[in-house]
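Everything below concerns the one structure shown next.
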Amino acid sequence: MNHAEWQEAIDAYVDRQLDARTRERLLLHLKDCASCREDMASLERIVSEAKALPSAIEPPSHVWWRVADALAVPADSESPRPVVRSVPSRFRFAIGAAGLAAMLWVAVKIAPHGRDTDRMTATAPSEKQPDLIVISNNAEPQPSDWARMIWTLEEESLSAEKAVFTGLSEHLDAQALERASAVEPALQALDIAINETAHAMRLAPENRELVRTLTGYYERKLELLRIAARLASGTWA
Amino acid sequence: MTYGTRPAKAGEVHGVASGTPVLDLEEQELVAGLRAGDERALEALYRLHAGRVHAVGLRLTADPSRAEEIVQDVFLQVWRRIGSYEGRSRFSTWLYRLAVNRSLDALRGDAGARRERPETEAALRPARTNGTEAAMDLESAIGSLPEGARIVFVLHDVEGYRHEEIASLSGIAPGTSKAQLFRARRLLRERLGR
């Protein structure tokens, strides 16, 4: 075998596709050929690392509500494909007084849960406070409770974003959008942090530190959205 | 709904790696909900599987915007065409196959609009430009591969598909798939500086 043929044999060996006889010949060859040994070690490492890559990379949160928006469009309509916002900034559409009000409402609603997960208490179900979080003061919160809490936080965050995106675009002007766009990079970074922490929680749902971290990220995101609304409305001091 | 599962890769028992299995029954109930037109079932399935669908789309296309579109399209396809799922395989298997097909369709669509960029500037950029610069990480290096090599590497070495399946999915010969994998691994080795 020449060098190229040995390389092919190494690939087959790494994939466990080599027949027994060629495998023996290859192993003998490896004893004398440092280059092929190095090649095999390198390939085995790459293949091993590839198999260990995370199987899930959470998409940004806005992807879900794009899907949800598109569900309302009949499949046989002229444009079954959902409209993908190709704007450079999430604030191109709508930020205004209504957006600010929505942010503040959501922030007030979220604050008791976000600041201290230990203080979460049983909550009577109502229209505005769904019975998703049912955690007793006397009981240690269980992973499933945290999962529901995170789900609730994410839904509130999505609602807040959606209010910003879709609310009262007629009140906006280009300067307002430009001002609000200043927080866009920070929001994108937070989205990434939220996705990564949520992924970690799926691997370790019992980890309270991750719950606190994720809650903190959502709080920061809502705070940034409030800042964006203030920037847009010109009330930022 | 069990929270905290890592979707299984091709050929892997679902949920075993994470130690938190999803009950088949729950998934069946969600699929039944989909068939009944319950949007909450779609949302629950999205939360379970969107990460995996996104990862497949992102790695195959190396394009974050396109990957988001793929997630969106796949779940709308699930919603609108759940009737075509006959239940002979796991729902997740069917879903991920949709994701792979949608990603490959997107790449084929791109081919009509622009030439394949097998040796674009990014693809040719060396992993190290000097001794102090860190080598590329594996994800970046995969993203820099020429399209054909990237598809085969992702499907074979990341997703666990066999060459025959890759050939069937992407319309190439199994031998071509093997050759592309060989090429991809050597390029990765070079770009990772190993």
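Here's how to read the names in the structure tokens: chain A, B, ... by the order shown, residue numbers from 1 in each chain, ligand numbers from 1 in the order shown.
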Determine, for each residue of chain A having at least one atom at most 6 Å from an atom of chain B, the closest pair of atoms and their separation in Å to one decimal, counting only C-alpha atoms; order by chain and ascending number, as a Markdown table.
```
| residue | atom | partner | partner_atom | distance |
| --- | --- | --- | --- | --- |
| A:Ala50 | CA | B:Val158 | CA | 5.2 |
| A:Lys51 | CA | B:Val158 | CA | 5.0 |
| A:Ser55 | CA | B:Arg52 | CA | 5.7 |
| A:Ala56 | CA | B:Arg52 | CA | 4.0 |
| A:Ile57 | CA | B:Gly51 | CA | 4.6 |
| A:Glu58 | CA | B:Gly51 | CA | 4.0 |
| A:Pro59 | CA | B:His54 | CA | 6.0 |
| A:Val67 | CA | B:Gln72 | CA | 5.6 |
| A:Arg202 | CA | B:Gly4 | CA | 3.4 |
| A:Leu203 | CA | B:Gly4 | CA | 5.7 |
```
Write a file of the selected residues as a PDB file, in the first residue's frame, keeping N, CA and C atoms.
```pdb
ATOM      1  N   ALA A  50     -16.648  15.356  17.198  1.00  0.00           N
ATOM      2  CA  ALA A  50     -17.861  15.591  16.404  1.00  0.00           C
ATOM      3  C   ALA A  50     -19.049  14.877  17.021  1.00  0.00           C
ATOM      4  N   LYS A  51     -18.826  13.666  17.481  1.00  0.00           N
ATOM      5  CA  LYS A  51     -19.930  12.915  18.098  1.00  0.00           C
ATOM      6  C   LYS A  51     -20.363  13.560  19.416  1.00  0.00           C
ATOM      7  N   SER A  55     -26.156  18.050  20.642  1.00  0.00           N
ATOM      8  CA  SER A  55     -27.110  17.678  19.595  1.00  0.00           C
ATOM      9  C   SER A  55     -28.179  18.743  19.421  1.00  0.00           C
ATOM     10  N   ALA A  56     -28.316  19.616  20.410  1.00  0.00           N
ATOM     11  CA  ALA A  56     -29.319  20.673  20.305  1.00  0.00           C
ATOM     12  C   ALA A  56     -28.668  22.039  20.492  1.00  0.00           C
ATOM     13  N   ILE A  57     -29.021  22.957  19.615  1.00  0.00           N
ATOM     14  CA  ILE A  57     -28.628  24.363  19.766  1.00  0.00           C
ATOM     15  C   ILE A  57     -29.929  25.159  19.701  1.00  0.00           C
ATOM     16  N   GLU A  58     -30.339  25.685  20.832  1.00  0.00           N
ATOM     17  CA  GLU A  58     -31.658  26.313  20.874  1.00  0.00           C
ATOM     18  C   GLU A  58     -31.725  27.513  19.931  1.00  0.00           C
ATOM     19  N   PRO A  59     -32.789  27.607  19.149  1.00  0.00           N
ATOM     20  CA  PRO A  59     -32.930  28.781  18.278  1.00  0.00           C
ATOM     21  C   PRO A  59     -33.316  30.003  19.102  1.00  0.00           C
ATOM     22  N   VAL A  67     -43.375  31.071  14.107  1.00  0.00           N
ATOM     23  CA  VAL A  67     -44.173  29.879  13.801  1.00  0.00           C
ATOM     24  C   VAL A  67     -45.612  30.112  14.237  1.00  0.00           C
ATOM     25  N   ARG A 202     -31.661  21.720  30.719  1.00  0.00           N
ATOM     26  CA  ARG A 202     -32.233  20.470  30.219  1.00  0.00           C
ATOM     27  C   ARG A 202     -31.344  19.296  30.593  1.00  0.00           C
ATOM     28  N   LEU A 203     -30.045  19.582  30.691  1.00  0.00           N
ATOM     29  CA  LEU A 203     -29.120  18.517  31.078  1.00  0.00           C
ATOM     30  C   LEU A 203     -29.090  18.334  32.594  1.00  0.00           C
TER      31      LEU A 203
END
```
Would you list the contacts of segment 28-30 of chain A as a compact mmCIF listing (two decimals) with N, CA and C atoms, in the first residue's frame, taking every protein, DNA or RNA residue within 12 Å and counting only C-alpha atoms, but skipping same-chain residues closer than 3 positions in sequence?
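Everything below was put into around11.txt:
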```txt
# COMPACT_ATOMS: atom_id res chain seq x y z
N MET A 1 0.84 -1.21 0.00
CA MET A 1 0.00 0.00 0.00
C MET A 1 0.87 1.25 0.00
N ASN A 2 0.45 2.25 -0.74
CA ASN A 2 1.15 3.52 -0.67
C ASN A 2 0.52 4.39 0.44
N HIS A 3 1.05 5.59 0.60
CA HIS A 3 0.60 6.44 1.71
C HIS A 3 -0.89 6.78 1.60
N GLU A 5 -3.23 5.08 0.20
CA GLU A 5 -4.05 3.90 0.52
C GLU A 5 -4.08 3.64 2.04
N TRP A 6 -2.94 3.88 2.70
CA TRP A 6 -2.93 3.74 4.15
C TRP A 6 -3.88 4.75 4.78
N GLN A 7 -3.92 5.95 4.23
CA GLN A 7 -4.83 6.98 4.78
C GLN A 7 -6.29 6.55 4.65
N ALA A 9 -7.26 3.52 4.55
CA ALA A 9 -7.44 2.43 5.51
C ALA A 9 -7.64 2.98 6.93
N ILE A 10 -6.96 4.06 7.23
CA ILE A 10 -7.11 4.68 8.55
C ILE A 10 -8.53 5.20 8.73
N TYR A 13 -10.69 2.33 9.37
CA TYR A 13 -10.43 1.81 10.72
C TYR A 13 -11.17 2.66 11.75
N ARG A 21 -8.19 -8.62 8.04
CA ARG A 21 -6.84 -8.79 7.50
C ARG A 21 -6.17 -7.43 7.29
N THR A 22 -6.91 -6.51 6.68
CA THR A 22 -6.34 -5.18 6.43
C THR A 22 -6.08 -4.46 7.76
N ARG A 23 -6.95 -4.74 8.72
CA ARG A 23 -6.78 -4.12 10.03
C ARG A 23 -5.44 -4.56 10.64
N GLU A 24 -5.14 -5.83 10.55
CA GLU A 24 -3.87 -6.33 11.09
C GLU A 24 -2.69 -5.69 10.38
N ARG A 25 -2.80 -5.60 9.06
CA ARG A 25 -1.71 -4.98 8.29
C ARG A 25 -1.53 -3.52 8.68
N CYS A 33 5.28 3.68 11.27
CA CYS A 33 5.02 4.93 10.53
C CYS A 33 4.44 5.99 11.48
N ALA A 34 5.28 6.91 11.88
CA ALA A 34 4.84 7.96 12.81
C ALA A 34 3.79 8.86 12.17
N SER A 35 3.96 9.11 10.87
CA SER A 35 3.03 9.99 10.17
C SER A 35 1.61 9.41 10.20
N CYS A 36 1.49 8.12 9.94
CA CYS A 36 0.17 7.49 9.95
C CYS A 36 -0.39 7.40 11.37
N ARG A 37 0.48 7.19 12.35
CA ARG A 37 0.01 7.18 13.74
C ARG A 37 -0.59 8.53 14.12
N GLU A 38 0.13 9.57 13.69
CA GLU A 38 -0.35 10.92 13.97
C GLU A 38 -1.68 11.18 13.27
N ASP A 39 -1.76 10.71 12.01
CA ASP A 39 -2.98 10.88 11.23
C ASP A 39 -4.15 10.20 11.93
N MET A 40 -3.92 8.98 12.37
CA MET A 40 -5.01 8.24 13.01
C MET A 40 -5.44 8.91 14.32
N ALA A 41 -4.46 9.32 15.12
CA ALA A 41 -4.80 9.94 16.41
C ALA A 41 -5.62 11.22 16.17
```
Subject >> Point-to-point distance in Å for atom CA of Ala198 of chain A and atom CA of Ser61 of chain A >> reply: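 Calculated distance between atom CA of Ser61 of chain A and atom CA of Ala198 of chain A is 11.2 Å.
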Original post:
What is the atom CA of Gln180 of chain B to atom CA of Pro146 of chain B distance in Å?
Top reply: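 Pair atom CA of Gln180 of chain B / atom CA of Pro146 of chain B returns 9.6 Å.
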**OP:** Could you check how far atom CA of Ser168 of chain B sits from atom CA of Leu60 of chain B, in Å to one decimal?
**Re:** 16.2 Å
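Counting only C-alpha atoms and comparing B:Ser177, B:Val31, B:Gly171, B:Tyr161, the residue that lies closest to Arg90 of chain B is B:Val31.
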Original post:
Skipping near chain neighbours, those fewer than 3 positions away, what residues fall within 12 Å of Glu86 of chain B using only C-alpha atoms, listed as a list in words?
Top reply: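 Once the adjacent positions are removed, what remains is Gln28, Val31, Ala32, Arg35, Arg81, Ile82, Gly83, Ser89, Arg90, Phe91 and Trp94 of chain B.
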Could the residues in this selection be saved with N, CA and C atoms as a PDB file, in the first residue's frame?
```
ATOM      1  N   GLN B  28     -46.684  10.417  22.022  1.00  0.00           N
ATOM      2  CA  GLN B  28     -47.860   9.979  21.263  1.00  0.00           C
ATOM      3  C   GLN B  28     -49.055  10.884  21.542  1.00  0.00           C
ATOM      4  N   VAL B  31     -48.559  14.045  19.638  1.00  0.00           N
ATOM      5  CA  VAL B  31     -48.836  13.843  18.208  1.00  0.00           C
ATOM      6  C   VAL B  31     -50.349  13.765  17.991  1.00  0.00           C
ATOM      7  N   ALA B  32     -51.034  13.083  18.904  1.00  0.00           N
ATOM      8  CA  ALA B  32     -52.494  13.020  18.797  1.00  0.00           C
ATOM      9  C   ALA B  32     -53.087  14.423  18.911  1.00  0.00           C
ATOM     10  N   ARG B  35     -52.701  16.148  15.657  1.00  0.00           N
ATOM     11  CA  ARG B  35     -53.696  15.680  14.678  1.00  0.00           C
ATOM     12  C   ARG B  35     -55.057  16.315  14.941  1.00  0.00           C
ATOM     13  N   ARG B  81     -48.729  18.975   7.907  1.00  0.00           N
ATOM     14  CA  ARG B  81     -48.658  17.668   7.245  1.00  0.00           C
ATOM     15  C   ARG B  81     -48.507  16.527   8.240  1.00  0.00           C
ATOM     16  N   ILE B  82     -49.014  16.715   9.431  1.00  0.00           N
ATOM     17  CA  ILE B  82     -48.911  15.645  10.418  1.00  0.00           C
ATOM     18  C   ILE B  82     -49.644  14.403   9.914  1.00  0.00           C
ATOM     19  N   GLY B  83     -50.583  14.608   9.006  1.00  0.00           N
ATOM     20  CA  GLY B  83     -51.304  13.467   8.443  1.00  0.00           C
ATOM     21  C   GLY B  83     -50.399  12.520   7.673  1.00  0.00           C
ATOM     22  N   SER B  89     -42.269   5.029  12.494  1.00  0.00           N
ATOM     23  CA  SER B  89     -41.004   5.320  13.171  1.00  0.00           C
ATOM     24  C   SER B  89     -41.311   6.286  14.318  1.00  0.00           C
ATOM     25  N   ARG B  90     -40.295   6.531  15.131  1.00  0.00           N
ATOM     26  CA  ARG B  90     -40.483   7.522  16.182  1.00  0.00           C
ATOM     27  C   ARG B  90     -40.805   8.875  15.545  1.00  0.00           C
ATOM     28  N   PHE B  91     -41.596   9.660  16.226  1.00  0.00           N
ATOM     29  CA  PHE B  91     -41.910  10.986  15.727  1.00  0.00           C
ATOM     30  C   PHE B  91     -40.633  11.800  15.543  1.00  0.00           C
ATOM     31  N   TRP B  94     -38.806  10.963  12.402  1.00  0.00           N
ATOM     32  CA  TRP B  94     -39.497  11.567  11.259  1.00  0.00           C
ATOM     33  C   TRP B  94     -39.217  13.069  11.192  1.00  0.00           C
TER      34      TRP B  94
END
```
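Of the listed residues (A:Pro54, A:Ala200, A:Trp64, A:Ala12), A:Trp64 comes nearest to Leu45 of chain B; the distances count only C-alpha atoms.
Counting only C-alpha atoms and comparing B:Leu145, B:Ile172, B:Ala99, B:Ala44, the residue that lies closest to Glu190 of chain B is B:Leu145.
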